[in-house]
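Structure file entry-v9.cif; described as mmCIF, C-alpha atoms, pLDDT in the B column; chains and numbers go by the auth columns.
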data_input
loop_
_atom_site.group_PDB
_atom_site.id
_atom_site.type_symbol
_atom_site.label_atom_id
_atom_site.label_comp_id
_atom_site.label_asym_id
_atom_site.label_seq_id
_atom_site.Cartn_x
_atom_site.Cartn_y
_atom_site.Cartn_z
_atom_site.B_iso_or_equiv
_atom_site.auth_seq_id
_atom_site.auth_asym_id
ATOM 1 C CA MET A 1 0.000 0.000 0.000 71.00 1 A
ATOM 2 C CA ASP A 2 2.982 2.343 0.419 86.00 2 A
ATOM 3 C CA GLU A 3 4.124 2.323 -3.192 94.00 3 A
ATOM 4 C CA PRO A 4 2.460 5.119 -5.115 97.00 4 A
ATOM 5 C CA LEU A 5 -0.096 4.580 -7.833 97.00 5 A
ATOM 6 C CA ASN A 6 1.167 6.512 -10.844 98.00 6 A
ATOM 7 C CA LEU A 7 -1.361 7.540 -13.460 98.00 7 A
ATOM 8 C CA VAL A 8 -0.364 9.026 -16.812 98.00 8 A
ATOM 9 C CA LEU A 9 -3.453 10.701 -18.211 98.00 9 A
ATOM 10 C CA PHE A 10 -3.461 11.199 -21.967 98.00 10 A
ATOM 11 C CA SER A 11 -7.164 11.084 -22.901 98.00 11 A
ATOM 12 C CA GLY A 12 -9.296 14.127 -22.219 98.00 12 A
ATOM 13 C CA THR A 13 -12.803 12.700 -22.451 98.00 13 A
ATOM 14 C CA ASP A 14 -15.066 12.845 -19.393 97.00 14 A
ATOM 15 C CA ASP A 15 -15.436 9.059 -19.161 97.00 15 A
ATOM 16 C CA LYS A 16 -11.716 8.354 -19.056 98.00 16 A
ATOM 17 C CA LEU A 17 -11.083 11.221 -16.654 98.00 17 A
ATOM 18 C CA GLN A 18 -13.867 9.941 -14.401 97.00 18 A
ATOM 19 C CA ALA A 19 -12.289 6.482 -14.471 97.00 19 A
ATOM 20 C CA ALA A 20 -8.969 8.062 -13.486 98.00 20 A
ATOM 21 C CA ALA A 21 -10.655 10.031 -10.707 98.00 21 A
ATOM 22 C CA VAL A 22 -12.275 6.894 -9.286 97.00 22 A
ATOM 23 C CA LEU A 23 -8.945 5.038 -9.289 97.00 23 A
ATOM 24 C CA THR A 24 -7.327 8.028 -7.600 98.00 24 A
ATOM 25 C CA ALA A 25 -10.009 8.420 -4.926 97.00 25 A
ATOM 26 C CA GLY A 26 -9.981 4.710 -4.150 96.00 26 A
ATOM 27 C CA ALA A 27 -6.214 4.726 -3.679 96.00 27 A
ATOM 28 C CA ALA A 28 -6.319 7.896 -1.576 97.00 28 A
ATOM 29 C CA ALA A 29 -8.965 6.345 0.688 96.00 29 A
ATOM 30 C CA LEU A 30 -6.574 3.447 1.305 95.00 30 A
ATOM 31 C CA GLY A 31 -3.749 5.819 2.180 95.00 31 A
ATOM 32 C CA LYS A 32 -1.913 4.960 -1.023 95.00 32 A
ATOM 33 C CA PRO A 33 -0.096 7.948 -2.547 97.00 33 A
ATOM 34 C CA VAL A 34 -1.101 8.876 -6.107 98.00 34 A
ATOM 35 C CA ASN A 35 0.994 10.711 -8.678 98.00 35 A
ATOM 36 C CA ILE A 36 -0.856 11.970 -11.730 98.00 36 A
ATOM 37 C CA PHE A 37 0.981 13.130 -14.860 98.00 37 A
ATOM 38 C CA LEU A 38 -1.156 15.116 -17.310 98.00 38 A
ATOM 39 C CA GLN A 39 -0.309 14.846 -20.986 98.00 39 A
ATOM 40 C CA TYR A 40 -1.968 15.980 -24.204 98.00 40 A
ATOM 41 C CA TRP A 41 -5.766 16.091 -24.136 98.00 41 A
ATOM 42 C CA ALA A 42 -6.006 15.267 -20.440 98.00 42 A
ATOM 43 C CA LEU A 43 -3.886 18.355 -19.712 98.00 43 A
ATOM 44 C CA ASP A 44 -6.118 20.414 -21.977 98.00 44 A
ATOM 45 C CA ALA A 45 -9.169 19.346 -19.955 98.00 45 A
ATOM 46 C CA PHE A 46 -7.600 20.834 -16.814 98.00 46 A
ATOM 47 C CA ARG A 47 -7.532 24.363 -18.234 98.00 47 A
ATOM 48 C CA ALA A 48 -9.254 26.623 -15.694 98.00 48 A
ATOM 49 C CA ASP A 49 -11.663 27.965 -18.307 97.00 49 A
ATOM 50 C CA ARG A 50 -12.548 24.495 -19.613 95.00 50 A
ATOM 51 C CA ILE A 51 -12.444 22.106 -16.679 97.00 51 A
ATOM 52 C CA GLY A 52 -16.197 22.308 -16.027 95.00 52 A
ATOM 53 C CA ARG A 53 -17.212 21.938 -19.658 96.00 53 A
ATOM 54 C CA ASP A 54 -18.394 18.878 -21.526 96.00 54 A
ATOM 55 C CA HIS A 55 -15.332 17.007 -22.757 97.00 55 A
ATOM 56 C CA GLY A 56 -17.328 14.363 -24.565 97.00 56 A
ATOM 57 C CA LEU A 57 -16.907 10.629 -24.367 97.00 57 A
ATOM 58 C CA ALA A 58 -14.701 8.083 -26.113 97.00 58 A
ATOM 59 C CA PRO A 59 -16.179 7.004 -29.494 96.00 59 A
ATOM 60 C CA GLU A 60 -16.965 3.527 -28.152 96.00 60 A
ATOM 61 C CA ALA A 61 -19.570 5.085 -25.832 97.00 61 A
ATOM 62 C CA GLY A 62 -21.976 5.783 -28.666 96.00 62 A
ATOM 63 C CA PRO A 63 -25.436 7.223 -28.025 97.00 63 A
ATOM 64 C CA SER A 64 -26.343 4.598 -25.408 97.00 64 A
ATOM 65 C CA GLY A 65 -23.127 5.355 -23.525 97.00 65 A
ATOM 66 C CA ARG A 66 -23.937 9.055 -23.611 97.00 66 A
ATOM 67 C CA ALA A 67 -27.388 8.367 -22.173 97.00 67 A
ATOM 68 C CA ALA A 68 -25.960 6.147 -19.423 96.00 68 A
ATOM 69 C CA VAL A 69 -23.387 8.760 -18.402 96.00 69 A
ATOM 70 C CA ASP A 70 -26.007 11.513 -18.402 96.00 70 A
ATOM 71 C CA ALA A 71 -28.330 9.390 -16.251 95.00 71 A
ATOM 72 C CA LEU A 72 -25.624 8.871 -13.633 92.00 72 A
ATOM 73 C CA ALA A 73 -24.856 12.592 -13.621 92.00 73 A
ATOM 74 C CA GLU A 74 -28.587 13.342 -13.167 92.00 74 A
ATOM 75 C CA ALA A 75 -28.587 10.958 -10.200 88.00 75 A
ATOM 76 C CA GLY A 76 -25.984 13.186 -8.571 88.00 76 A
ATOM 77 C CA GLN A 77 -22.660 11.557 -9.341 91.00 77 A
ATOM 78 C CA ALA A 78 -19.806 13.997 -8.731 93.00 78 A
ATOM 79 C CA SER A 79 -17.840 15.279 -11.731 95.00 79 A
ATOM 80 C CA TRP A 80 -14.343 13.889 -12.217 97.00 80 A
ATOM 81 C CA ALA A 81 -12.915 17.224 -11.099 98.00 81 A
ATOM 82 C CA ASP A 82 -14.901 17.131 -7.839 96.00 82 A
ATOM 83 C CA THR A 83 -13.968 13.493 -7.264 96.00 83 A
ATOM 84 C CA LEU A 84 -10.297 14.488 -7.647 98.00 84 A
ATOM 85 C CA ARG A 85 -10.761 17.423 -5.234 97.00 85 A
ATOM 86 C CA GLN A 86 -12.220 15.038 -2.653 96.00 86 A
ATOM 87 C CA ALA A 87 -9.371 12.614 -3.239 97.00 87 A
ATOM 88 C CA LYS A 88 -6.833 15.416 -2.741 97.00 88 A
ATOM 89 C CA ASP A 89 -8.607 16.316 0.499 95.00 89 A
ATOM 90 C CA LEU A 90 -7.721 12.884 1.829 95.00 90 A
ATOM 91 C CA GLY A 91 -4.070 13.635 1.189 92.00 91 A
ATOM 92 C CA GLY A 92 -1.314 11.984 -0.831 95.00 92 A
ATOM 93 C CA VAL A 93 -2.493 13.005 -4.294 98.00 93 A
ATOM 94 C CA ASP A 94 -0.131 15.029 -6.480 98.00 94 A
ATOM 95 C CA ILE A 95 -1.147 16.254 -9.936 98.00 95 A
ATOM 96 C CA GLU A 96 1.548 17.471 -12.311 98.00 96 A
ATOM 97 C CA ALA A 97 1.395 18.851 -15.839 98.00 97 A
ATOM 98 C CA CYS A 98 3.787 17.408 -18.388 98.00 98 A
ATOM 99 C CA SER A 99 6.063 20.238 -19.490 97.00 99 A
ATOM 100 C CA LEU A 100 6.240 18.937 -23.063 97.00 100 A
ATOM 101 C CA SER A 101 2.443 18.995 -23.307 97.00 101 A
ATOM 102 C CA MET A 102 2.425 22.504 -21.842 97.00 102 A
ATOM 103 C CA ASP A 103 4.609 23.541 -24.796 97.00 103 A
ATOM 104 C CA LEU A 104 2.476 21.632 -27.272 97.00 104 A
ATOM 105 C CA LEU A 105 -0.701 23.346 -26.125 97.00 105 A
ATOM 106 C CA HIS A 106 0.913 26.728 -25.396 97.00 106 A
ATOM 107 C CA ILE A 107 -0.316 26.729 -21.795 96.00 107 A
ATOM 108 C CA GLU A 108 1.116 28.525 -18.775 96.00 108 A
ATOM 109 C CA GLN A 109 0.595 27.154 -15.268 96.00 109 A
ATOM 110 C CA ASP A 110 -1.727 30.110 -14.513 97.00 110 A
ATOM 111 C CA ASP A 111 -4.060 28.818 -17.221 97.00 111 A
ATOM 112 C CA LEU A 112 -4.632 25.616 -15.271 98.00 112 A
ATOM 113 C CA ASP A 113 -7.166 24.801 -12.565 98.00 113 A
ATOM 114 C CA PRO A 114 -5.752 24.835 -9.005 98.00 114 A
ATOM 115 C CA LEU A 115 -6.116 21.039 -8.980 98.00 115 A
ATOM 116 C CA VAL A 116 -2.774 20.997 -10.841 98.00 116 A
ATOM 117 C CA ASP A 117 0.086 21.250 -8.354 98.00 117 A
ATOM 118 C CA GLY A 118 2.917 21.966 -10.746 97.00 118 A
ATOM 119 C CA VAL A 119 4.772 21.227 -13.955 97.00 119 A
ATOM 120 C CA GLU A 120 7.400 18.545 -14.360 97.00 120 A
ATOM 121 C CA GLY A 121 9.182 16.484 -16.966 96.00 121 A
ATOM 122 C CA VAL A 122 9.077 12.740 -17.412 96.00 122 A
ATOM 123 C CA THR A 123 12.287 12.216 -15.397 96.00 123 A
ATOM 124 C CA ALA A 124 10.830 13.752 -12.227 97.00 124 A
ATOM 125 C CA PHE A 125 7.675 11.736 -12.796 97.00 125 A
ATOM 126 C CA TYR A 126 9.684 8.498 -12.934 96.00 126 A
ATOM 127 C CA LEU A 127 11.663 9.431 -9.844 96.00 127 A
ATOM 128 C CA ASN A 128 8.486 10.041 -7.859 96.00 128 A
ATOM 129 C CA ALA A 129 6.931 6.879 -9.297 96.00 129 A
ATOM 130 C CA GLY A 130 9.411 4.728 -7.406 94.00 130 A
ATOM 131 C CA GLU A 131 8.522 1.034 -7.542 94.00 131 A
ATOM 132 C CA GLY A 132 4.811 1.773 -7.967 95.00 132 A
ATOM 133 C CA GLN A 133 2.767 0.793 -10.988 93.00 133 A
ATOM 134 C CA VAL A 134 2.479 3.194 -13.905 96.00 134 A
ATOM 135 C CA VAL A 135 -0.942 3.201 -15.551 97.00 135 A
ATOM 136 C CA PHE A 136 -1.716 4.937 -18.856 97.00 136 A
ATOM 137 C CA ILE A 137 -5.247 6.231 -19.389 97.00 137 A
ATOM 138 C CA MET B 1 -23.401 -9.845 20.318 54.00 1 B
ATOM 139 C CA PRO B 2 -23.127 -7.004 22.855 59.00 2 B
ATOM 140 C CA LEU B 3 -24.892 -3.790 22.005 71.00 3 B
ATOM 141 C CA ILE B 4 -22.512 -1.339 20.380 80.00 4 B
ATOM 142 C CA GLU B 5 -23.251 2.343 20.716 88.00 5 B
ATOM 143 C CA VAL B 6 -22.773 4.228 17.477 88.00 6 B
ATOM 144 C CA GLU B 7 -21.099 7.591 18.073 91.00 7 B
ATOM 145 C CA THR B 8 -21.356 9.072 14.607 95.00 8 B
ATOM 146 C CA THR B 9 -22.990 8.260 11.263 97.00 9 B
ATOM 147 C CA VAL B 10 -21.678 8.692 7.726 97.00 10 B
ATOM 148 C CA ASP B 11 -24.666 8.869 5.381 97.00 11 B
ATOM 149 C CA ALA B 12 -23.413 7.664 2.006 96.00 12 B
ATOM 150 C CA ARG B 13 -26.824 6.611 0.680 95.00 13 B
ATOM 151 C CA ASN B 14 -27.325 7.294 -3.031 92.00 14 B
ATOM 152 C CA LEU B 15 -23.610 7.917 -3.522 92.00 15 B
ATOM 153 C CA SER B 16 -21.895 5.733 -6.059 88.00 16 B
ATOM 154 C CA CYS B 17 -18.464 4.173 -5.844 87.00 17 B
ATOM 155 C CA PRO B 18 -15.960 5.362 -4.622 91.00 18 B
ATOM 156 C CA MET B 19 -17.778 8.009 -2.587 94.00 19 B
ATOM 157 C CA PRO B 20 -18.990 5.818 0.301 96.00 20 B
ATOM 158 C CA ILE B 21 -15.380 4.851 1.035 96.00 21 B
ATOM 159 C CA VAL B 22 -14.053 8.374 0.372 96.00 22 B
ATOM 160 C CA LYS B 23 -16.636 9.920 2.723 96.00 23 B
ATOM 161 C CA THR B 24 -15.804 7.351 5.379 97.00 24 B
ATOM 162 C CA ALA B 25 -12.063 7.955 5.028 96.00 25 B
ATOM 163 C CA GLN B 26 -12.661 11.718 5.279 96.00 26 B
ATOM 164 C CA ALA B 27 -14.757 11.287 8.435 96.00 27 B
ATOM 165 C CA MET B 28 -12.203 8.979 10.050 95.00 28 B
ATOM 166 C CA LYS B 29 -9.533 11.674 9.726 93.00 29 B
ATOM 167 C CA THR B 30 -11.472 13.897 12.120 94.00 30 B
ATOM 168 C CA LEU B 31 -12.289 11.245 14.729 95.00 31 B
ATOM 169 C CA ALA B 32 -10.431 9.946 17.748 95.00 32 B
ATOM 170 C CA GLY B 33 -9.123 6.391 17.827 95.00 33 B
ATOM 171 C CA GLY B 34 -11.687 3.882 19.038 95.00 34 B
ATOM 172 C CA THR B 35 -14.701 5.872 17.821 96.00 35 B
ATOM 173 C CA ILE B 36 -17.608 3.724 16.634 97.00 36 B
ATOM 174 C CA VAL B 37 -18.796 4.902 13.221 97.00 37 B
ATOM 175 C CA GLU B 38 -21.887 3.764 11.375 97.00 38 B
ATOM 176 C CA VAL B 39 -21.922 4.042 7.588 98.00 39 B
ATOM 177 C CA LEU B 40 -25.102 3.821 5.518 97.00 40 B
ATOM 178 C CA ALA B 41 -24.753 3.059 1.818 97.00 41 B
ATOM 179 C CA THR B 42 -26.897 1.914 -1.097 95.00 42 B
ATOM 180 C CA ASP B 43 -24.085 1.147 -3.569 93.00 43 B
ATOM 181 C CA PRO B 44 -24.094 -2.650 -4.099 91.00 44 B
ATOM 182 C CA GLY B 45 -20.310 -2.752 -4.384 91.00 45 B
ATOM 183 C CA SER B 46 -19.935 -1.305 -0.917 94.00 46 B
ATOM 184 C CA THR B 47 -20.098 -4.661 0.880 93.00 47 B
ATOM 185 C CA ARG B 48 -16.860 -5.894 -0.640 94.00 48 B
ATOM 186 C CA ASP B 49 -15.350 -2.407 -0.591 95.00 49 B
ATOM 187 C CA PHE B 50 -15.812 -1.904 3.143 96.00 50 B
ATOM 188 C CA VAL B 51 -14.474 -5.358 4.020 96.00 51 B
ATOM 189 C CA ALA B 52 -11.401 -4.631 1.886 95.00 52 B
ATOM 190 C CA TRP B 53 -10.966 -1.083 3.142 96.00 53 B
ATOM 191 C CA CYS B 54 -11.168 -2.085 6.798 97.00 54 B
ATOM 192 C CA LYS B 55 -8.727 -4.941 6.259 95.00 55 B
ATOM 193 C CA SER B 56 -6.291 -2.660 4.459 94.00 56 B
ATOM 194 C CA THR B 57 -6.470 0.329 6.799 95.00 57 B
ATOM 195 C CA GLY B 58 -6.679 -1.502 10.132 96.00 58 B
ATOM 196 C CA ASN B 59 -10.112 -0.123 11.039 96.00 59 B
ATOM 197 C CA GLU B 60 -12.275 -2.865 12.529 97.00 60 B
ATOM 198 C CA LEU B 61 -15.485 -3.871 10.766 97.00 61 B
ATOM 199 C CA VAL B 62 -17.561 -4.653 13.830 95.00 62 B
ATOM 200 C CA ASP B 63 -20.846 -5.404 12.128 95.00 63 B
ATOM 201 C CA GLN B 64 -22.523 -5.267 8.754 95.00 64 B
ATOM 202 C CA SER B 65 -26.159 -5.709 7.830 95.00 65 B
ATOM 203 C CA SER B 66 -28.703 -4.817 5.191 95.00 66 B
ATOM 204 C CA ASP B 67 -32.435 -4.249 5.153 94.00 67 B
ATOM 205 C CA GLY B 68 -32.509 -5.019 1.443 90.00 68 B
ATOM 206 C CA ALA B 69 -32.173 -1.417 0.290 93.00 69 B
ATOM 207 C CA VAL B 70 -29.582 0.070 2.622 97.00 70 B
ATOM 208 C CA TYR B 71 -26.306 -1.471 3.766 97.00 71 B
ATOM 209 C CA ARG B 72 -25.133 -0.628 7.255 97.00 72 B
ATOM 210 C CA PHE B 73 -21.514 -0.956 8.358 97.00 73 B
ATOM 211 C CA VAL B 74 -20.376 -0.425 11.943 97.00 74 B
ATOM 212 C CA ILE B 75 -16.672 0.339 12.105 97.00 75 B
ATOM 213 C CA ARG B 76 -14.366 0.943 15.042 97.00 76 B
ATOM 214 C CA ARG B 77 -11.775 3.538 14.077 96.00 77 B
ATOM 215 C CA LYS B 78 -8.295 2.271 14.818 93.00 78 B
#
Can I see the file as structure tokens?
Amino acid sequence: MDEPLNLVLFSGTDDKLQAAAVLTAGAAALGKPVNIFLQYWALDAFRADRIGRDHGLAPEAGPSGRAAVDALAEAGQASWADTLRQAKDLGGVDIEACSLSMDLLHIEQDDLDPLVDGVEGVTAFYLNAGEGQVVFI
Amino acid sequence: MPLIEVETTVDARNLSCPMPIVKTAQAMKTLAGGTIVEVLATDPGSTRDFVAWCKSTGNELVDQSSDGAVYRFVIRRK
């Protein structure tokens, strides 16, 4: 339980980010540290002016997937951003933006939601990852 | 089994995974060791989740029951 869970988030759709948030919250509730590394479209979804918007779903969701996701949201399920905030509240969750992706998307740290703790490169990410698993979403 | 007096309740009814566990973990942070906590949940996965969470975190699952709709977990904070 002491090795961190390391999540590399690449996809920026709401379903994949929600899946990542659930994995993060579950680990945090067990006292397991979590390191999140935001790349590409996942990083884009964390822009302060976009984080609350509809980021769509993976193509495999289709119309029935859309309806299912909407139904759960209607029933009061927290957004992925809120789930991550709750997970951070428990402690041990660190969210970093990939500096290469910051360049790609022309983003400054000020453009990002406060959920993002900082910017780092892949080397720092690996160092912090230790012997923990690295999961790519 | 002897009557256990619940000191505080975490109402996680109508919250889906992982919120029942997250809410419980959040509550535990504010409570003194030995406190008896009751958790109410409707998420079907919560039965296995709470057994696993208690085992992993060292909090004691004192009792669990269900009335068909609501699951009730009584946990002694470590």
On this structure, the PyMOL selection byres ((chain A) within 10 of (chain B)) would catch which residues? List them as a list in words, sorted by chain and number.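 Taken over the shown coordinates, the PyMOL selection byres ((chain A) within 10 of (chain B)) returns Met1, Ala21, Val22, Leu23, Thr24, Ala25, Gly26, Ala27, Ala28, Ala29, Leu30, Gly31, Leu72, Ala75, Gly76, Gln77, Ala78, Thr83, Gln86, Ala87, Asp89, Leu90 and Gly91 of chain A.
Residues matched by the PyMOL selection byres ((chain A and resi 7) around 7) in this file: Leu5, Asn6, Val8, Leu9, Asn35, Ile36, Phe37, Val134, Val135 and Phe136 of chain A.
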Requested write-out: C-alpha atoms of the selected residues, as a compact mmCIF listing (two decimals), in the coordinates of the input:
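As written to disk, result_13.txt reads:
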# COMPACT_ATOMS: atom_id res chain seq x y z
CA LEU A 5 -0.10 4.58 -7.83
CA ASN A 6 1.17 6.51 -10.84
CA VAL A 8 -0.36 9.03 -16.81
CA LEU A 9 -3.45 10.70 -18.21
CA ASN A 35 0.99 10.71 -8.68
CA ILE A 36 -0.86 11.97 -11.73
CA PHE A 37 0.98 13.13 -14.86
CA VAL A 134 2.48 3.19 -13.90
CA VAL A 135 -0.94 3.20 -15.55
CA PHE A 136 -1.72 4.94 -18.86
Let me know the centre plus edge lengths, in Å and rounded to one decimal, of a box with edges along x, y and z that contains all listed atoms of region 27-30 of chain B and is padded by 8 Å on every side, as lines of an AutoDock Vina configuration file.
center_x = -12.1
center_y = 11.4
center_z = 10.3
size_x = 21.2
size_y = 20.9
size_z = 19.7
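Coordinates place CA of Glu38 (chain B) at a distance of 6.1 Å from CA of Val10 (chain B).
Proximity to Asp54 (chain A) was assessed for A:Ala71, A:Val93, A:Leu38, A:Leu17 counting all atoms listed in the file; the smallest distance is recorded for A:Leu17.
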Taken to one decimal, the CA of Asp117 (chain A)-CA of Val69 (chain A) distance is 28.4 Å
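Excluding Glu5 (chain B) itself and same-chain residues fewer than 2 positions from it, the residues having an atom within 10 Å of it are Pro2, Leu3, Glu7, Thr8, Thr35, Ile36, Val37, Glu38 and Val74 of chain B, counting all atoms listed in the file.
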If I take CA of Pro63 (chain A) and CA of Thr13 (chain A), how far is one from the other in Å, to one decimal?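 Between CA of Pro63 (chain A) and CA of Thr13 (chain A) the gap is 14.9 Å.
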For Val116 (chain A): contacts at 9 Å, all atoms listed in the file, fewer than 4 positions along chain excluded, given as a PyMOL selection string: chain A and resi 38+46+94-97+109+112
Using only C-alpha atoms, which of the listed residues (A:Glu120, A:Glu131, A:Asp14, A:Asp103) sits closest to Ala61 (chain A)?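 Between A:Glu120, A:Glu131, A:Asp14, A:Asp103, the residue approaching Ala61 (chain A) most closely is A:Asp14.
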Quick one: everything within 10 Å of Ala58 (chain A), counting all atoms listed in the file, minus sequence neighbours fewer than 2 positions away in the same chain. Send it as an mmCIF file with C-alpha atoms, in the frame of the given file.
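Final output, result31.cif:
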data_model
loop_
_atom_site.group_PDB
_atom_site.id
_atom_site.type_symbol
_atom_site.label_atom_id
_atom_site.label_comp_id
_atom_site.auth_asym_id
_atom_site.auth_seq_id
_atom_site.Cartn_x
_atom_site.Cartn_y
_atom_site.Cartn_z
ATOM 1 C CA SER A 11 -7.164 11.084 -22.901
ATOM 2 C CA GLY A 12 -9.296 14.127 -22.219
ATOM 3 C CA THR A 13 -12.803 12.700 -22.451
ATOM 4 C CA ASP A 14 -15.066 12.845 -19.393
ATOM 5 C CA ASP A 15 -15.436 9.059 -19.161
ATOM 6 C CA LYS A 16 -11.716 8.354 -19.056
ATOM 7 C CA HIS A 55 -15.332 17.007 -22.757
ATOM 8 C CA GLY A 56 -17.328 14.363 -24.565
ATOM 9 C CA GLU A 60 -16.965 3.527 -28.152
ATOM 10 C CA ALA A 61 -19.570 5.085 -25.832
ATOM 11 C CA GLY A 62 -21.976 5.783 -28.666
ATOM 12 C CA GLY A 65 -23.127 5.355 -23.525
ATOM 13 C CA ARG A 66 -23.937 9.055 -23.611
#
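Between Ala48 (chain A) and the candidates A:Val119, A:Gly130, A:Ser101, A:Ala81, the tightest atom-to-atom separation, counting all atoms listed in the file, involves A:Ala81.
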To test your reading of the syntax: which residues would the PyMOL selection byres ((chain B and resi 78) around 10) return for the file shown? Reply as a PyMOL selection string. chain B and resi 28+31-36+54+57-60+75-77
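Across A:Gly52, A:Gly121, A:Pro114, A:Gly132, the tightest approach to Lys88 (chain A) is made by A:Pro114 when counting all atoms listed in the file.
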